[in-house]
Structure formats: C-alpha cells, structure tokens
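Here's upload_14.txt, which has compact mmCIF, C-alpha atoms and all ligand atoms:
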# COMPACT_ATOMS: atom_id res chain seq x y z
CA MET K 605 -15.17 -45.20 -144.37
CA HIS K 606 -14.34 -42.58 -146.94
CA SER K 607 -16.74 -43.99 -149.50
CA ARG K 608 -19.37 -44.46 -146.84
CA ARG K 609 -19.18 -40.75 -145.93
CA TRP K 610 -19.41 -39.87 -149.61
CA PHE K 611 -22.41 -42.16 -149.95
CA CYS K 612 -24.16 -40.52 -146.96
CA SER K 613 -23.61 -36.98 -148.14
CA CYS K 614 -24.64 -37.99 -151.66
CA VAL K 615 -27.87 -39.54 -150.37
CA ALA K 616 -28.54 -36.47 -148.22
CA THR K 617 -27.98 -34.19 -151.20
CA THR K 618 -30.25 -36.30 -153.36
CA ILE K 619 -32.99 -36.29 -150.74
CA ALA K 620 -32.67 -32.51 -150.29
CA ALA K 621 -32.79 -31.99 -154.04
CA GLY K 622 -35.78 -34.30 -154.22
CA PHE K 623 -37.65 -32.26 -151.62
CA ALA K 624 -36.80 -29.02 -153.39
CA ALA K 625 -37.98 -30.45 -156.69
CA THR K 626 -41.16 -31.81 -155.14
CA ARG K 627 -41.91 -28.46 -153.55
CA ALA K 628 -41.23 -26.60 -156.75
CA VAL K 629 -43.52 -28.88 -158.71
CA ALA K 630 -46.21 -28.96 -156.01
CA GLU K 631 -46.20 -25.20 -155.37
CA PRO K 632 -49.89 -24.48 -156.02
CA ALA K 633 -51.35 -21.41 -157.68
CA ALA K 634 -52.60 -20.31 -154.24
CA CYS K 635 -48.97 -19.62 -153.32
CA THR K 636 -48.81 -16.76 -155.84
CA VAL K 637 -49.29 -13.65 -153.73
CA LEU K 638 -52.19 -11.35 -154.53
CA THR K 639 -51.66 -8.15 -156.48
CA ARG K 640 -54.13 -5.27 -156.72
CA ALA K 641 -55.26 -6.74 -160.05
CA THR K 642 -55.88 -10.27 -158.76
CA GLN K 643 -57.35 -8.89 -155.53
CA SER K 644 -59.96 -6.84 -157.41
CA ALA K 645 -60.90 -9.94 -159.39
CA VAL K 646 -62.03 -11.57 -156.12
CA ASP K 647 -65.56 -10.28 -155.51
CA PRO K 648 -66.94 -10.13 -151.93
CA ASP K 649 -68.82 -13.43 -152.22
CA ALA K 650 -65.73 -15.12 -153.65
CA ALA K 651 -63.66 -13.74 -150.78
CA ILE K 652 -65.98 -15.37 -148.24
CA ALA K 653 -65.98 -18.59 -150.29
CA ARG K 654 -62.19 -18.54 -150.32
CA LEU K 655 -62.11 -18.36 -146.51
CA LYS K 656 -64.65 -21.19 -146.22
CA GLU K 657 -62.59 -23.34 -148.58
CA GLY K 658 -59.49 -22.58 -146.52
CA ASN K 659 -61.18 -23.72 -143.31
CA ALA K 660 -62.37 -26.89 -145.05
CA ARG K 661 -58.74 -27.63 -145.99
CA PHE K 662 -57.64 -26.91 -142.41
CA VAL K 663 -60.26 -29.25 -140.96
CA SER K 664 -59.44 -32.04 -143.41
CA GLY K 665 -55.68 -31.64 -142.93
CA GLU K 666 -55.15 -30.73 -146.58
CA MET K 667 -53.54 -27.33 -146.05
CA ILE K 668 -51.65 -25.67 -148.88
CA HIS K 669 -47.95 -25.46 -148.13
CA CYS K 670 -46.12 -22.56 -149.71
CA ASP K 671 -42.60 -21.24 -149.53
CA LEU K 672 -43.30 -18.45 -147.02
CA ARG K 673 -39.91 -16.88 -147.60
CA ALA K 674 -40.74 -16.55 -151.30
CA GLN K 675 -44.02 -14.91 -150.27
CA VAL K 676 -42.11 -12.51 -148.01
CA ARG K 677 -39.96 -11.52 -150.97
CA ALA K 678 -42.99 -11.19 -153.25
CA THR K 679 -44.79 -8.89 -150.80
CA ALA K 680 -41.77 -6.81 -149.84
CA THR K 681 -43.01 -3.63 -151.48
CA SER K 682 -46.79 -4.07 -151.58
CA GLN K 683 -49.70 -6.09 -150.28
CA ALA K 684 -53.23 -6.76 -151.54
CA PRO K 685 -54.98 -9.10 -149.06
CA PHE K 686 -58.44 -10.27 -150.13
CA ALA K 687 -60.03 -10.27 -146.67
CA ALA K 688 -59.77 -9.04 -143.09
CA VAL K 689 -60.53 -11.02 -139.97
CA VAL K 690 -61.38 -9.67 -136.53
CA GLY K 691 -60.54 -12.46 -134.13
CA CYS K 692 -59.82 -13.18 -130.48
CA ILE K 693 -56.26 -13.34 -129.14
CA ASP K 694 -56.96 -16.95 -128.09
CA SER K 695 -53.96 -19.11 -128.99
CA ARG K 696 -56.22 -21.74 -130.54
CA VAL K 697 -57.70 -19.46 -133.19
CA PRO K 698 -54.97 -17.89 -135.34
CA PRO K 699 -56.90 -16.67 -138.42
CA GLU K 700 -54.12 -17.49 -140.89
CA PHE K 701 -54.04 -21.11 -139.69
CA VAL K 702 -57.75 -21.81 -139.30
CA PHE K 703 -58.54 -20.27 -142.69
CA ASP K 704 -55.42 -21.83 -144.25
CA GLN K 705 -53.99 -18.53 -145.48
CA ARG K 706 -50.43 -17.26 -145.73
CA ILE K 707 -48.26 -14.15 -146.12
CA GLY K 708 -50.15 -11.31 -147.79
CA ASP K 709 -53.53 -13.08 -147.84
CA ILE K 710 -55.52 -11.57 -144.97
CA PHE K 711 -55.48 -8.67 -142.54
CA SER K 712 -55.79 -9.85 -138.99
CA ALA K 713 -57.05 -7.74 -136.07
CA ARG K 714 -57.06 -9.55 -132.77
CA VAL K 715 -58.33 -8.51 -129.37
CA ALA K 716 -59.64 -10.59 -126.48
CA GLY K 717 -63.33 -11.18 -127.17
CA ASN K 718 -63.15 -10.01 -130.82
CA PHE K 719 -65.17 -6.84 -130.21
CA VAL K 720 -64.80 -3.76 -132.38
CA ASN K 721 -64.05 -0.18 -131.34
CA THR K 722 -62.76 2.96 -133.04
CA ASP K 723 -59.25 1.55 -133.40
CA ILE K 724 -60.39 -1.76 -134.88
CA ILE K 725 -62.90 -0.06 -137.20
CA GLY K 726 -60.22 2.36 -138.36
CA SER K 727 -57.95 -0.61 -139.04
CA LEU K 728 -60.72 -2.23 -141.09
CA GLU K 729 -61.26 0.98 -143.08
CA PHE K 730 -57.56 0.80 -143.90
CA ALA K 731 -57.84 -2.89 -144.84
CA THR K 732 -60.81 -2.33 -147.16
CA TYR K 733 -61.15 1.27 -148.36
CA VAL K 734 -57.43 1.96 -148.58
CA THR K 735 -56.01 -1.47 -149.37
CA GLY K 736 -58.89 -3.18 -151.15
CA ALA K 737 -59.85 -6.22 -149.05
CA ARG K 738 -63.26 -7.51 -150.18
CA ALA K 739 -64.59 -9.20 -147.04
CA ILE K 740 -64.51 -8.78 -143.28
CA VAL K 741 -65.19 -11.72 -140.99
CA VAL K 742 -65.74 -11.24 -137.26
CA LEU K 743 -64.62 -14.56 -135.89
CA GLY K 744 -65.82 -15.59 -132.45
CA HIS K 745 -65.02 -18.96 -130.93
CA SER K 746 -66.21 -21.53 -128.43
CA GLU K 747 -64.80 -21.64 -124.90
CA CYS K 748 -63.79 -17.96 -125.08
CA GLY K 749 -62.22 -16.75 -121.82
CA ALA K 750 -63.10 -13.12 -122.53
CA ILE K 751 -66.76 -14.02 -123.06
CA LYS K 752 -66.74 -16.01 -119.82
CA GLY K 753 -65.12 -13.08 -118.01
CA ALA K 754 -67.76 -10.67 -119.31
CA ILE K 755 -70.56 -13.05 -118.30
CA ASP K 756 -69.19 -13.35 -114.76
CA ASP K 757 -68.53 -9.58 -114.65
CA VAL K 758 -64.86 -10.06 -113.82
CA ARG K 759 -63.30 -6.85 -112.52
CA VAL K 760 -59.52 -6.77 -112.52
CA GLY K 761 -57.08 -4.19 -113.86
CA ASN K 762 -57.66 -3.01 -117.42
CA LEU K 763 -59.77 -6.10 -118.08
CA THR K 764 -62.69 -4.35 -116.39
CA ALA K 765 -62.86 -1.65 -119.07
CA MET K 766 -62.07 -4.09 -121.88
CA LEU K 767 -64.80 -6.54 -120.92
CA ALA K 768 -67.35 -3.68 -120.93
CA ASN K 769 -67.20 -4.00 -124.74
CA ILE K 770 -68.74 -7.47 -124.47
CA ARG K 771 -71.44 -6.70 -121.89
CA PRO K 772 -74.06 -5.65 -124.48
CA ALA K 773 -73.82 -9.16 -125.97
CA VAL K 774 -74.26 -10.69 -122.51
CA ALA K 775 -77.38 -8.59 -121.96
CA ALA K 776 -78.78 -9.50 -125.39
CA SER K 777 -78.26 -13.27 -125.09
CA LYS K 778 -80.67 -15.92 -123.94
CA ALA K 779 -80.18 -19.59 -123.08
CA ALA K 780 -81.86 -22.05 -120.78
CA GLY K 781 -80.31 -22.28 -117.33
CA GLU K 782 -78.11 -19.98 -115.30
CA ARG K 783 -76.48 -16.88 -116.76
CA THR K 784 -72.95 -17.78 -115.64
CA SER K 785 -69.81 -19.07 -117.37
CA LYS K 786 -70.60 -22.55 -116.01
CA ASN K 787 -73.49 -22.76 -118.47
CA ALA K 788 -71.82 -23.81 -121.74
CA ALA K 789 -74.95 -23.09 -123.80
CA PHE K 790 -75.09 -19.54 -122.45
CA VAL K 791 -71.35 -18.98 -123.09
CA GLN K 792 -71.83 -20.10 -126.70
CA ALA K 793 -74.96 -17.94 -127.11
CA VAL K 794 -73.11 -14.85 -125.87
CA ALA K 795 -70.09 -15.57 -128.11
CA GLU K 796 -72.41 -15.83 -131.14
CA SER K 797 -74.31 -12.66 -130.23
CA ASN K 798 -71.02 -10.86 -129.66
CA ALA K 799 -69.74 -11.78 -133.14
CA VAL K 800 -73.03 -10.85 -134.83
CA MET K 801 -73.29 -7.56 -132.93
CA ALA K 802 -69.67 -6.65 -133.71
CA ALA K 803 -70.27 -7.33 -137.41
CA ALA K 804 -73.41 -5.17 -137.35
CA MET K 805 -71.59 -2.39 -135.53
CA LEU K 806 -69.11 -2.03 -138.40
CA THR K 807 -71.66 -0.47 -140.74
CA GLU K 808 -73.39 1.38 -137.88
CA LYS K 809 -70.20 3.14 -136.83
CA SER K 810 -68.44 3.51 -140.19
CA GLN K 811 -69.90 5.38 -143.13
CA ILE K 812 -66.95 4.17 -145.20
CA LEU K 813 -67.70 0.48 -144.54
CA LYS K 814 -71.43 1.10 -144.99
CA ASP K 815 -70.85 2.65 -148.41
CA LEU K 816 -68.52 -0.18 -149.48
CA VAL K 817 -71.19 -2.75 -148.55
CA ALA K 818 -73.93 -0.73 -150.31
CA ASN K 819 -71.79 -0.58 -153.45
CA LYS K 820 -71.18 -4.35 -153.27
CA LYS K 821 -67.45 -3.86 -152.86
CA LEU K 822 -67.42 -5.44 -149.44
CA ARG K 823 -69.17 -8.22 -147.59
CA ILE K 824 -69.22 -8.44 -143.80
CA ALA K 825 -69.95 -11.71 -142.01
CA ALA K 826 -69.86 -13.17 -138.52
CA ALA K 827 -68.62 -16.68 -137.87
CA MET K 828 -67.81 -19.01 -135.00
CA HIS K 829 -64.79 -21.25 -134.64
CA ASP K 830 -65.09 -24.49 -132.69
CA VAL K 831 -61.88 -25.00 -130.71
CA ALA K 832 -62.64 -28.72 -130.38
CA THR K 833 -62.80 -29.39 -134.13
CA GLY K 834 -61.18 -26.40 -135.86
CA LYS K 835 -64.37 -26.00 -137.86
CA ILE K 836 -65.75 -22.54 -138.65
CA HIS K 837 -69.47 -22.02 -138.93
CA PHE K 838 -70.74 -18.83 -140.60
CA LEU K 839 -73.67 -17.23 -138.79
ZN ZN Z 901 -61.51 -15.74 -126.94
Target encoding structure tokens, full file:
Amino acid sequence: MHSRRWFCSCVATTIAAGFAATRAVAEPAACTVLTRATQSAVDPDAAIARLKEGNARFVSGEMIHCDLRAQVRATATSQAPFAAVVGCIDSRVPPEFVFDQRIGDIFSARVAGNFVNTDIIGSLEFATYVTGARAIVVLGHSECGAIKGAIDDVRVGNLTAMLANIRPAVAASKAAGERTSKNAAFVQAVAESNAVMAAAMLTEKSQILKDLVANKKLRIAAAMHDVATGKIHFL
C-alpha cells in the first residue's frame, strides 16, 4: 500500500514534469509578447496577414498555446498590440479566439452590431496613434442579432437608439426577396455593408486615423466571421 502510494505520486510527478517540459520546449516564438520595437517591425500589411494566419490556425484547430500567466507577467508594465479589432458582443465571435491571439496581442472593442461612434473611434485612436497598433479590422459576423434587430426596426429600451447606428447599412443594402430578418441573404448583405461602412467611417470621422493610413502606418479592413465554420473572410 505504502509503495503503491509512492508509485502513484511518483508517476503523477513525472507526468506533471513531462507536461511542463513539453510546454517549455513547445512554447513557440509567438508566445513572446510584443514590445514597441517588435510591434513597429510589423508593417500594416503584415499585421493583417498575421490576423489571417491566426484565423487559419483557429479554423484548422492548430491554435498556438502559450502560458498566459507568463504573458500577464510580461505585459505587466507595458503593452504593444499589433492590431485592433472592432467586433460584436456575440458570444460566438471573441476576437482573441477567432484570430488565435493572446494577452497583449490585440485591442478589442466590442459593441452589439460592431458599429463605430465617437467612443469607439477615440478608443481606436488610442490603440493606433498612442499605442502603435498597425491595423484595424471591423469584424462583422453571420447570424448577427443586432443586424436582425435593425432590419426589423426593433424598438425596446436603449436598443432603439443603439440600433439606429446600424440603420444606414440596412438602407444601403440590397438582396433578392423580402427586407426582413427572415431573409438570410438580406441579413448577410446588411452585416457586410455594416462592416464596410463602419471601416470607411473611421477615416471619415477621424483625421488622426486618416493621416495614419495616408502615411502607411495603418491599414483598415472589414471582414466577416462565419459562426457556422469559424472562418473569417476579408471584404
Ligand atoms: Zn452580432
């Protein structure tokens, strides 16, 4: 009994040590948190490519696993994320997961329907102009409840005012069939228009973002996430 207990704890210790060793050996370069120096080495096109590669890993199930606690320690006094994402609050589209990113990698602004307003644009000026992120992605998604609510002109509580931000995309979108949330093609068309229009609005409403883009220090893109596959398609 005594030796058996010793054997069990010994095996457990060996297995734990084995995992620790495996993780230490397998810890990829991507787990090294960005610094201002490595961030500035990522140009805007490379930042978009990095996000695309991350989504490809997510879709194929080959995500990079890092010691997040080590990343917390490494970012305790500074951060230098390479990109910012404006996404929906939808539980199926967390930007860090779907782009396979971790602590300190990306800024994430989320609001139902991924529209942009003064507060979001100010946040993005902080992410880019102040903190050096090289790309902004406005990430819409399929089956978006906020888009459906805007299409059906839902009026309830504070949602009424919030959904008004999406109505211009509803008005600008075309698809065969009825203009209701029952028409999946129309819902998708509005979600795409909404992402593209939000991305365009960033340089229309922000001289700071416009100048960064003009000086090739920033790239802005719109993209759509498919909640059925996890795949992100850049528009
Ligand atoms: Zn949504």
Using all atoms listed in the file, which residues have at least one atom no more than 9 Å from ligand ZN 901 (chain Z)? Output them as number ranges by chain.
K: 691-697, 715-718, 744-752, 795
Next, dump the selected residues to file, keeping only C-alpha atoms, as a PDB file, keeping the file's coordinate frame.
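Once written, part_0.pdb looks like this:
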ATOM      1  CA  GLY K 691     -60.540 -12.460-134.130  1.00  0.00           C
ATOM      2  CA  CYS K 692     -59.820 -13.180-130.480  1.00  0.00           C
ATOM      3  CA  ILE K 693     -56.260 -13.340-129.140  1.00  0.00           C
ATOM      4  CA  ASP K 694     -56.960 -16.950-128.090  1.00  0.00           C
ATOM      5  CA  SER K 695     -53.960 -19.110-128.990  1.00  0.00           C
ATOM      6  CA  ARG K 696     -56.220 -21.740-130.540  1.00  0.00           C
ATOM      7  CA  VAL K 697     -57.700 -19.460-133.190  1.00  0.00           C
ATOM      8  CA  VAL K 715     -58.330  -8.510-129.370  1.00  0.00           C
ATOM      9  CA  ALA K 716     -59.640 -10.590-126.480  1.00  0.00           C
ATOM     10  CA  GLY K 717     -63.330 -11.180-127.170  1.00  0.00           C
ATOM     11  CA  ASN K 718     -63.150 -10.010-130.820  1.00  0.00           C
ATOM     12  CA  GLY K 744     -65.820 -15.590-132.450  1.00  0.00           C
ATOM     13  CA  HIS K 745     -65.020 -18.960-130.930  1.00  0.00           C
ATOM     14  CA  SER K 746     -66.210 -21.530-128.430  1.00  0.00           C
ATOM     15  CA  GLU K 747     -64.800 -21.640-124.900  1.00  0.00           C
ATOM     16  CA  CYS K 748     -63.790 -17.960-125.080  1.00  0.00           C
ATOM     17  CA  GLY K 749     -62.220 -16.750-121.820  1.00  0.00           C
ATOM     18  CA  ALA K 750     -63.100 -13.120-122.530  1.00  0.00           C
ATOM     19  CA  ILE K 751     -66.760 -14.020-123.060  1.00  0.00           C
ATOM     20  CA  LYS K 752     -66.740 -16.010-119.820  1.00  0.00           C
ATOM     21  CA  ALA K 795     -70.090 -15.570-128.110  1.00  0.00           C
TER      22      ALA K 795
END
For Ala754 (chain K), list every protein, DNA or RNA residue within 12 Å, evaluated using all atoms listed in the file, and leave out those in the same chain fewer than 2 positions away; present the list as an MDAnalysis selection string.
chainID K and resid 716:717 719 748:752 756:760 763:775 783:785 790:791 794:795 798
Just to confirm, what's the straight-line distance from CA of Thr807 (chain K) to CA of Arg823 (chain K) in Å (one decimal)?
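One can read the CA of Thr807 (chain K) to CA of Arg823 (chain K) distance as 10.6 Å.
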What is the distance between CA of Glu700 (chain K) and CA of Val720 (chain K), in Å to one decimal?
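We find that CA of Glu700 (chain K) and CA of Val720 (chain K) lie 19.4 Å from each other.
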Could you check the closest approach to Ala645 (chain K) for each of K:Ile724, K:Val742, K:Cys670, K:Ala684 and tell me which residue wins, using only C-alpha atoms?
K:Ala684
Counting all atoms listed in the file, the option among K:Ile652, K:Val817, K:Val637, K:Ala825 closest to Ala680 (chain K):
K:Val637
Excluding Thr679 (chain K) and residues on its chain fewer than 2 positions from it, collect all residues at most 10 Å away from it, counting only C-alpha atoms, and give them as a list in words.
Val637, Leu638, Thr639, Arg673, Ala674, Gln675, Val676, Arg677, Thr681, Ser682, Gln683, Ala684, Ile707 and Gly708 of chain K
Give the padded box for region 638-654 of chain K as lines of an AutoDock Vina configuration file: axis-aligned, covering all atoms listed in the file, 6 Å on each side, centre and edge lengths in Å to one decimal.
center_x = -60.2
center_y = -11.9
center_z = -154.1
size_x = 29.2
size_y = 25.3
size_z = 23.8
Excluding Asn721 (chain K) and its own-chain neighbours fewer than 3 positions away, which residues fall within 10 Å of it when counting only C-alpha atoms? Please give them as a VMD selection string.
chain K and resid 718 724 to 727 769 802 805 to 806 809
Now that the selection is made, can you save its residues with C-alpha atoms as a PDB file, keeping the file's coordinate frame?
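again-v9.pdb, written as the output of this step:
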ATOM      1  CA  ASN K 718     -63.150 -10.010-130.820  1.00  0.00           C
ATOM      2  CA  ILE K 724     -60.390  -1.760-134.880  1.00  0.00           C
ATOM      3  CA  ILE K 725     -62.900  -0.060-137.200  1.00  0.00           C
ATOM      4  CA  GLY K 726     -60.220   2.360-138.360  1.00  0.00           C
ATOM      5  CA  SER K 727     -57.950  -0.610-139.040  1.00  0.00           C
ATOM      6  CA  ASN K 769     -67.200  -4.000-124.740  1.00  0.00           C
ATOM      7  CA  ALA K 802     -69.670  -6.650-133.710  1.00  0.00           C
ATOM      8  CA  MET K 805     -71.590  -2.390-135.530  1.00  0.00           C
ATOM      9  CA  LEU K 806     -69.110  -2.030-138.400  1.00  0.00           C
ATOM     10  CA  LYS K 809     -70.200   3.140-136.830  1.00  0.00           C
TER      11      LYS K 809
END
Pairwise distance, CA of Leu813 (chain K) with CA of Glu729 (chain K), equals 6.6 Å
As a list in words, please: the residues near Asp704 (chain K) (cut-off 10 Å, only C-alpha atoms, same-chain neighbours under 3 positions excluded).
Arg654, Leu655, Lys656, Glu657, Gly658, Asn659, Ala660, Arg661, Phe662, Val663, Gly665, Glu666, Met667, Ile668, His669, Pro698, Pro699, Glu700, Phe701 and Asp709 of chain K
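Among K:Ala713, K:Val690, K:Ile824, K:Ile755, the residue with the shortest atom-to-atom distance to Ala788 (chain K), counting only C-alpha atoms, is K:Ile755.
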